[in-house]
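Chemist: Have a look at the structure that comes next, please.
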Amino acid sequence: MDIDPAIPKSKPSVGGDSNESDNIKTLDTHQQFTQWSDIAHKLEPIDEEYGESEDGSGGTRGAIIHSPQRRIQLARKGLSDYEQRLMGSVVDPQTIPTGFSQVCVKDETVTTLQEIITLPMLRPEYFSKGVLRRYGVSGILLFGPPGTGKTMLAKAVAKESGSVVLNIRASDIYDKYVGEGEKLAEAVFTLARKLAPCVIFIDEVDALFSARSSGEPNKFRRDIMNQIMSEWDGLNTSRKPGVMVMAATNRPFDLDDAILRRLPRRILVDLPGEDDRARILGIHLKGEELDSDVDLKAVAKRTESFSGSDLKNLCVAAAQAALRERVRAEDKSETIKLATRHFDAALKKVSPSSSDQMESLVELRKWDKIYGDGAQERKHKFHSIGFANAAQTSEEEAKPVK
Ligand SMILES: Nc1ncnc2c1ncn2[C@@H]1O[C@H](COP(=O)(O)OP(=O)(O)OP(=O)(O)O)[C@@H](O)[C@H]1O
Ligand SMILES: [Mg+2]
């Protein structure tokens with residue numbers, strides 16, 4: 001049997017109120033990554049309460065969770081035509097190059113993703129009874145301005161939890177023939193169950209689930225959405241857990257309300273602050289030779305409103321400036337050294353894609369305060385409970401952004 005005897009059978013010290021979990025709370029995020037990655041590493045393969053058994057009977061106690069590659073291989077054996085059409089969207093987490101160490105976002109974002117996605121994937125037994133079983137979170141939405149690392153985060157979560165990713169785009173589901181879209185929508189979930197643990201990742205989710213009110217005349221599109229929603233609801237009642245929906249968008253306000261209800265945790269991945277920008281520059285410049293006059297903190301100060309993606313473009317532009325200089329000087333040395341003048345040149349060419357004044361960014365932050373995890377801050381302003389407090393909500397906050 002494929003079972004690794006080194007797999008820890010004891011509960012991981014995350015959550016709960018044991019002394020062990022208290023210890024974890026005092027760890028910094030980097031240490032938490034190491035812990036989680038250690039667990040993820042040891043958990044493959046594992047003898048667990050769910051999983052597809054080799055004979056295809058699946059879902060029985062004691063069935064094996066194989067490595068992602070093996071799960072993909074096994075799933076291939078009994079695919080319906082519709083599942084087969086989706087196989088091109090399946091990603092083995094072991095082939096994903098980016099982990100949490102390459103993406104710099106707020107610590108709370110990473111912790112939330114770990115608690116909501118990684119933990120249920122790695123420790124399904126914690127979620128097999130009680131309120132967590134009945135009402136487990138089956139969906140999470142990452143939203144924010146372009147290029148802030150939403151797609152990277154989804155990949156990092158899958159990599160860390162050893163979950164196969166089913167990377168779904170609107171074009172995978174919408175089919176020109178009536179009735180085909182619903183069958184494809186159903187196949188997304190049946191395939192995900194065969195691949196479990198699996199994250200169904202819907203990038204640019206607004207393209208798939210725009211609001212009813214957006215004037216979409218298509219009943220056929222509506223039928224597909226209904227099919228997806230009913231399959232999605234089935235995740236909570238399924239005997240076989242291990243499937244989670246993760247969605248990302250720049251335009252959460254365009255999403256259908258019914259879809260939002262199924263994505264109860266909504267996390268804003270905002271533009272990086274100054275310290276984060278310095279860290280992101282460090283990530284992108286890893287392995288580059290920097291002149292002693294380069295101060296990444298100073299570059300971070302000069303890159304207000306730059307997204308992670310803009311910072312990457314800045315690093316590339318700086319490297320190109322250095323290369324240009326070397327070619328002109330007919331310098332034959334092997335390495336290119338980046339100096340402050342190269343960043344100066346790059347800053348003239350690369351500008352931020354968003355700004356704090358941009359309407360879309362203002363709307364995103366406002367939406368976060370009303371519907372996102374950021375709404376917590378707003379709720380904490382109220383000290384007592386009851387409808388009377390609604391009166392304290394400012395008119396602006398009370399008005400939906402949609
Ligand atoms: N927080 C970050 N830390 C490190 N690199 C980042 C970060 N955000 C973005 N990048 C860089 O920008 C690239 C694009 O990021 P990504 O595709 O994850 O952004 P996104 O938020 O999904 O954007 P979009 O909304 O346009 O889909 C990444 O490959 C990475 O190199
Ligand atoms: Mg993206």
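Simple scheme: letters A, B, ... for chains in structure tokens order, numbers from 1 for residues in each chain, numbers from 1 for ligands in the order shown.
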Name the residues in contact with region 188-201 of chain A at a cut-off of 8 Å, using only C-alpha atoms, excluding same-chain residues fewer than 5 positions from it; report them as a PyMOL selection string.
Modeler: chain A and resi 51-52+68+71-72+75+79+83+86+121+154+158+162-168+231-232+240-248
Chemist: Could you list, with a cut-off of 7 Å and counting only C-alpha atoms and all ligand atoms, the residues of chain A near ligand 1, each shown with its nearest atom pair and the distance in Å rounded to one decimal, rows sorted by chain and ascending number, as a tab-separated table?
Modeler:
```
residue	atom	partner	partner_atom_place_in_ligand_line	distance
A:Gln102	CA	ligand 1	4 (C)	5.7
A:Val103	CA	ligand 1	3 (N)	3.6
A:Cys104	CA	ligand 1	3 (N)	4.0
A:Val105	CA	ligand 1	1 (N)	5.0
A:Gly144	CA	ligand 1	25 (O)	6.8
A:Pro145	CA	ligand 1	25 (O)	5.9
A:Pro146	CA	ligand 1	25 (O)	3.5
A:Gly147	CA	ligand 1	23 (O)	3.4
A:Thr148	CA	ligand 1	8 (N)	3.7
A:Gly149	CA	ligand 1	18 (O)	3.1
A:Lys150	CA	ligand 1	21 (O)	3.8
A:Thr151	CA	ligand 1	18 (O)	3.8
A:Met152	CA	ligand 1	18 (O)	3.9
A:Leu153	CA	ligand 1	18 (O)	6.6
A:Glu204	CA	ligand 1	27 (O)	6.8
A:Thr249	CA	ligand 1	25 (O)	6.1
A:Asn250	CA	ligand 1	25 (O)	5.4
A:Pro272	CA	ligand 1	1 (N)	6.9
A:Ile280	CA	ligand 1	4 (C)	5.0
A:Ile283	CA	ligand 1	4 (C)	6.6
A:Ser307	CA	ligand 1	8 (N)	6.2
A:Gly308	CA	ligand 1	8 (N)	3.5
A:Ser309	CA	ligand 1	12 (O)	3.2
A:Lys312	CA	ligand 1	31 (O)	5.8
```
Chemist: Suppose you want the space between CA of Leu184 (chain A) and CA of Leu74 (chain A); what is it in Å?
Modeler: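 We find that CA of Leu184 (chain A) and CA of Leu74 (chain A) lie 20.1 Å from each other.
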Chemist: Give me the residues within 9 Å of Thr340 (chain A) as a compact mmCIF listing (two decimals) with N, CA and C atoms, in the first residue's frame, counting only C-alpha atoms and dropping any in the same chain fewer than 2 places off.
Modeler:
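Final file, result.txt:
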```txt
# COMPACT_ATOMS: atom_id res chain seq x y z
N LEU A 290 23.03 43.47 -7.34
CA LEU A 290 22.66 44.87 -7.14
C LEU A 290 23.88 45.70 -6.72
N ASP A 291 23.99 46.87 -7.29
CA ASP A 291 25.07 47.78 -6.92
C ASP A 291 24.84 48.25 -5.47
N SER A 292 25.93 48.64 -4.82
CA SER A 292 25.77 49.05 -3.41
C SER A 292 24.91 50.30 -3.26
N ASP A 293 24.71 51.05 -4.38
CA ASP A 293 23.89 52.26 -4.25
C ASP A 293 22.38 51.97 -4.32
N VAL A 294 22.02 50.69 -4.53
CA VAL A 294 20.58 50.38 -4.64
C VAL A 294 19.98 50.18 -3.25
N ASP A 295 18.93 50.96 -2.98
CA ASP A 295 18.22 50.82 -1.71
C ASP A 295 16.75 50.51 -2.06
N VAL A 299 13.39 52.66 -3.36
CA VAL A 299 12.62 52.41 -4.59
C VAL A 299 11.15 52.20 -4.22
N ALA A 318 14.31 47.90 -15.41
CA ALA A 318 15.63 48.27 -14.86
C ALA A 318 16.71 47.34 -15.43
N LEU A 338 22.62 45.78 -11.42
CA LEU A 338 21.61 46.83 -11.43
C LEU A 338 21.98 47.93 -10.46
N HIS A 342 19.56 52.70 -13.11
CA HIS A 342 18.71 51.83 -13.94
C HIS A 342 17.26 51.87 -13.44
N PHE A 343 17.11 51.95 -12.12
CA PHE A 343 15.75 52.09 -11.58
C PHE A 343 15.17 53.45 -11.93
N ASP A 344 16.04 54.48 -11.94
CA ASP A 344 15.58 55.82 -12.33
C ASP A 344 15.03 55.77 -13.76
N ALA A 345 15.80 55.11 -14.63
CA ALA A 345 15.37 55.02 -16.05
C ALA A 345 14.08 54.22 -16.13
```
Chemist: For each of A:Asp223, A:Asp107, A:Asp203, A:Asp275, take the minimum atom-to-atom distance to ligand 2, counting only C-alpha atoms and all ligand atoms, then give the residue where this is smallest.
Modeler: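 Of the candidates, the smallest distance to ligand 2 is held by A:Asp203.
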Chemist: Write out as a ChimeraX atom specification all residues of region 217-265 of chain A that backbone DSSP assigns to strand (DSSP E).
Modeler: /A:243-249,265
Chemist: Hey, what's within 8 Å of Lys337 (chain A) if we count only C-alpha atoms and toss same-chain stuff fewer than 2 positions away? As JSON, numbers by chain, please?
Modeler: {"A": [288, 289, 290, 291, 322, 335, 339]}
Chemist: Kindly save the residues from that selection, with C-alpha atoms included, as a JSON list (two decimals), in the first residue's frame.
Modeler:
```json
[["chain", "number", "residue", "atom", "x", "y", "z"],
["A", 288, "GLU", "CA", 20.19, 39.67, -9.45],
["A", 289, "GLU", "CA", 23.40, 41.47, -8.67],
["A", 290, "LEU", "CA", 22.66, 44.87, -7.14],
["A", 291, "ASP", "CA", 25.07, 47.78, -6.92],
["A", 322, "ALA", "CA", 21.37, 47.91, -17.47],
["A", 335, "THR", "CA", 26.63, 39.46, -15.12],
["A", 339, "ALA", "CA", 22.28, 50.31, -10.11]]
```
Chemist: Rank nothing, just name the residue among A:Val350, A:Ala317, A:Ile202, A:Leu268 nearest to ligand 2, using only C-alpha atoms and all ligand atoms.
Modeler: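 Nearest candidate to ligand 2 out of A:Val350, A:Ala317, A:Ile202, A:Leu268: A:Ile202.
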